[in-house]
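Novice: Dumping the structure here so I can ask a few things about it.
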Amino acid sequence: RASASQRPEIQLLQKKTASMAQASQSFSLRPLQPADHERCAALISDAFTGVALEHGHPCSIVSLELAMVIVGLWGHDSGVEATVAVSEAGDIGAVIFLQRRDEIWGINMIAVSVKHQGHRIGRRLMQHCIDTFRQHSRSPRSLRLTQDAYNTTSFSLYLSLGYDPRESLTVMEAPDGFDFSSLLPDGASSAEYPLKVRPMSQADVDNCDALFQKCNGASRRAEIAASVVMAASSADAMLPHVVVDQDGSVVGYSTGLQFGGHSVCETEEALKMLIGHTKEINRGSELAMFFPGHRHPSTLRWLTSRRLKISKIATLMAIGAYAPPSLLYVPSATY
């Protein structure tokens with residue numbers, strides 16, 4: 001009787017695994033270069049569209065133009081390490097963006113070319129980022145990401161690489177032509193209302209970071225400051241806003257109510273004030289918010305009752321230290 005290792009199906013699996021590993025090794029890793037931007041944008045657009053269609057979900061990267069904006073912003077961002085996997089023939093097989101500004105690092109995005117999926121290139125890029133995280137002399141506390149819960153393949157990959165699932169996130173969007181001012185608290189338009197919303201300035205950064213630290217036990221100062229700089233230098237970037245009380249204290253802020261931004265609020269009213277100003281914060285882009293519905297079910301019910309729609313469920317995953325948020329925290333697609 002043949003041993004387990006001699007069985008045909010086991011031998012076939014071993015050959016397939018060896019072939020995939022060999023295919024991965026035929027790619028070299030190097031930093032993203034400006035000449036790569038157009039090819040990487042096309043790769044991202046095709047890869048995200050393919051996965052979404054496979055699972056019957058709308059694609060979050062709605063156009064090649066949006067992919068170009070994303071690659072342009074992160075490709076020129078000194079706080080983001082962008083790495084590509086390149087074949088011996090010069091094909092770009094995958095790209096990954098690692099945000100490494102603050103005490104917590106995050107994977108902004110990873111995309112593998114449709115042509116090269118299943119060849120373990122994504123695993124290799126992810127492992128590269130994990131190794132960079134673990135070997136860094138500054139010893140960041142955690143490495144995080146979010147992934148679409150319907151994509152069980154990516155969830156299994158991240159789990160096998162050491163990521164722990166930490167939060168279930170409800171992705172909220174708005175119907176076309178939605179009136180965001182309808183979400184403002186009653187009386188918010190009056191001069192006597194105790195909360196006001198205004199654009200964030202560099203003078204607000206320390207107070208916003210203090211709020212983030214109070215909520216999450218770590219600093220995010222560099223990213224918050226960078227969001228203000230980006231808003232001033234690029235019309236494609238979101239415009240961060242703060243919520244202040246009658247004393248002028250910051251009780252909430254948002255760097256964007258899109259996948260690239262995050263928000264922290266002390267109260268539900270502060271969050272309502274921010275969502276009510278979505279058009280100003282997102283500069284006309286639609287709402288796309290990772291809401292922690294399992295932590296704030298009554299707020300989630302209220303949002304859906306006001307015609308915001310749930311597009312999908314996502315999972316926040318982390319390697320390293322993790323403290324559950326103590327305030328109302330809306331993560332970005334990174335963390």
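Quick note on naming: the chains in the structure tokens go A, B, ... in the order shown, residues restart at 1 in each chain, and ligands are numbered from 1 in order of appearance.
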What parts of region 131-318 of chain A does DSSP call helix (DSSP H, G or I)? I'd like the answer as a count of residues only.
Specialist: 67
Novice: Region 277-294 of chain A: which residues within 7 Å, counting only C-alpha atoms, same-chain residues fewer than 6 positions away excluded, as a ChimeraX atom specification?
Specialist: /A:168-174,180-181,238-241,256-259,300,330-332
Novice: Can you spit out the residues from that selection as an mmCIF file, in the first residue's frame, using N, CA and C atoms?
Specialist:
```cif
data_model
loop_
_atom_site.group_PDB
_atom_site.id
_atom_site.type_symbol
_atom_site.label_atom_id
_atom_site.label_comp_id
_atom_site.auth_asym_id
_atom_site.auth_seq_id
_atom_site.Cartn_x
_atom_site.Cartn_y
_atom_site.Cartn_z
ATOM 1 N N SER A 168 -14.930 43.814 13.011
ATOM 2 C CA SER A 168 -15.829 43.656 11.867
ATOM 3 C C SER A 168 -16.347 45.042 11.504
ATOM 4 N N LEU A 169 -16.196 45.424 10.239
ATOM 5 C CA LEU A 169 -16.528 46.771 9.795
ATOM 6 C C LEU A 169 -17.637 46.740 8.748
ATOM 7 N N THR A 170 -18.617 47.592 8.919
ATOM 8 C CA THR A 170 -19.722 47.704 7.975
ATOM 9 C C THR A 170 -19.421 48.861 7.028
ATOM 10 N N VAL A 171 -19.259 48.571 5.759
ATOM 11 C CA VAL A 171 -18.922 49.618 4.787
ATOM 12 C C VAL A 171 -20.208 50.315 4.368
ATOM 13 N N MET A 172 -20.275 51.621 4.690
ATOM 14 C CA MET A 172 -21.473 52.418 4.437
ATOM 15 C C MET A 172 -21.257 53.335 3.245
ATOM 16 N N GLU A 173 -22.269 53.414 2.392
ATOM 17 C CA GLU A 173 -22.247 54.333 1.259
ATOM 18 C C GLU A 173 -23.584 55.066 1.211
ATOM 19 N N ALA A 174 -23.684 56.027 0.308
ATOM 20 C CA ALA A 174 -24.912 56.817 0.192
ATOM 21 C C ALA A 174 -25.469 56.699 -1.218
ATOM 22 N N PHE A 180 -26.587 65.052 2.497
ATOM 23 C CA PHE A 180 -25.875 64.742 3.734
ATOM 24 C C PHE A 180 -26.264 65.663 4.886
ATOM 25 N N SER A 181 -26.750 66.842 4.578
ATOM 26 C CA SER A 181 -27.159 67.752 5.653
ATOM 27 C C SER A 181 -28.331 67.180 6.451
ATOM 28 N N MET A 238 -8.376 64.539 0.089
ATOM 29 C CA MET A 238 -9.512 64.937 0.907
ATOM 30 C C MET A 238 -9.138 66.123 1.795
ATOM 31 N N LEU A 239 -10.141 66.828 2.294
ATOM 32 C CA LEU A 239 -9.933 68.025 3.103
ATOM 33 C C LEU A 239 -10.307 67.717 4.557
ATOM 34 N N PRO A 240 -9.331 67.472 5.419
ATOM 35 C CA PRO A 240 -9.637 67.107 6.816
ATOM 36 C C PRO A 240 -10.417 68.207 7.539
ATOM 37 N N HIS A 241 -11.316 67.794 8.416
ATOM 38 C CA HIS A 241 -12.127 68.714 9.214
ATOM 39 C C HIS A 241 -12.088 68.309 10.690
ATOM 40 N N GLY A 256 -10.937 62.206 6.250
ATOM 41 C CA GLY A 256 -11.651 61.859 5.027
ATOM 42 C C GLY A 256 -12.679 60.799 5.288
ATOM 43 N N LEU A 257 -13.859 60.952 4.684
ATOM 44 C CA LEU A 257 -14.915 59.953 4.801
ATOM 45 C C LEU A 257 -14.944 59.103 3.539
ATOM 46 N N GLN A 258 -13.750 58.693 3.145
ATOM 47 C CA GLN A 258 -13.523 57.786 2.042
ATOM 48 C C GLN A 258 -12.561 56.712 2.532
ATOM 49 N N PHE A 259 -12.216 55.734 1.683
ATOM 50 C CA PHE A 259 -11.392 54.615 2.122
ATOM 51 C C PHE A 259 -10.019 55.047 2.641
ATOM 52 N N LEU A 300 -25.468 52.444 13.967
ATOM 53 C CA LEU A 300 -25.581 51.769 12.675
ATOM 54 C C LEU A 300 -27.045 51.709 12.240
ATOM 55 N N VAL A 330 -13.752 55.398 13.309
ATOM 56 C CA VAL A 330 -14.029 54.915 11.952
ATOM 57 C C VAL A 330 -12.697 54.746 11.247
ATOM 58 N N PRO A 331 -12.214 53.497 11.054
ATOM 59 C CA PRO A 331 -10.898 53.292 10.450
ATOM 60 C C PRO A 331 -10.873 53.650 8.966
ATOM 61 N N SER A 332 -9.657 53.775 8.461
ATOM 62 C CA SER A 332 -9.457 53.876 7.025
ATOM 63 C C SER A 332 -9.316 52.469 6.462
#
```
Novice: Identify, on the basis of only C-alpha atoms, every residue whose closest approach to region 106-122 of chain A does not exceed 9 Å; exclude the query and any residue fewer than 4 positions from it along the same chain; express the result as a ChimeraX atom specification.
Specialist: /A:17,19-25,27,40,43-48,50,74,80,85,92-100,126-127,129,142-146,260,318,332-335
Novice: I'd like to know which of A:Gly252, A:Pro325, A:Gly90, A:Gly56 is closest to Val264 (chain A), using only C-alpha atoms.
Specialist: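 Of the candidates, the smallest distance to Val264 (chain A) is held by A:Gly252.
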Novice: Rounded to one decimal place, report the CA of Pro297 (chain A)-CA of Pro199 (chain A) distance in Å.
Specialist: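 About the pair CA of Pro297 (chain A) and CA of Pro199 (chain A): they are 28.7 Å apart.
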Novice: Can you tell me which residues surround Gln147 (chain A) at a distance of at most 9 Å, considering only C-alpha atoms, apart from same-chain residues fewer than 6 positions away, and format the answer as a list in words?
Specialist: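 Within the cut-off, the hits are Ser154, Phe155, Ile313, Ala314, Thr315, Leu316, Met317 and Ala333 of chain A.
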Novice: Using backbone DSSP assignments, extract all strand (DSSP E) residues from region 95-227 of chain A; output them as an MDAnalysis selection string.
Specialist: chainID A and resid 95:99 104:112 142:148 164:173 196:199
Novice: Using only C-alpha atoms for the distances, tell me which of A:Gly75, A:Ala323, A:Ser63, A:Ala226 is nearest to Pro34 (chain A).
Specialist: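 Using only C-alpha atoms, the shortest distance to Pro34 (chain A) belongs to A:Gly75.
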Novice: Quick one, how far is CA of Phe212 (chain A) from CA of Tyr329 (chain A)?
Specialist: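 About the pair CA of Phe212 (chain A) and CA of Tyr329 (chain A): they are 8.6 Å apart.
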Novice: What does the distance from CA of Ala41 (chain A) to CA of Val71 (chain A) come to in Å, to one decimal?
Specialist: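 The value is 6.3 Å.
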Novice: For Asp148 (chain A), which residue out of A:Val51, A:Leu274, A:Ala82, A:Val229 is the nearest one, using only C-alpha atoms?
Specialist: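 Answer, going by the shortest atom-to-atom distance: A:Val51.
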Novice: In terms of the shortest atom-to-atom distance over only C-alpha atoms, which of A:Arg307, A:Arg138, A:His76, A:Arg30 is closest to Arg101 (chain A)?
Specialist: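 The shortest atom-to-atom distance to Arg101 (chain A) comes from A:Arg138.
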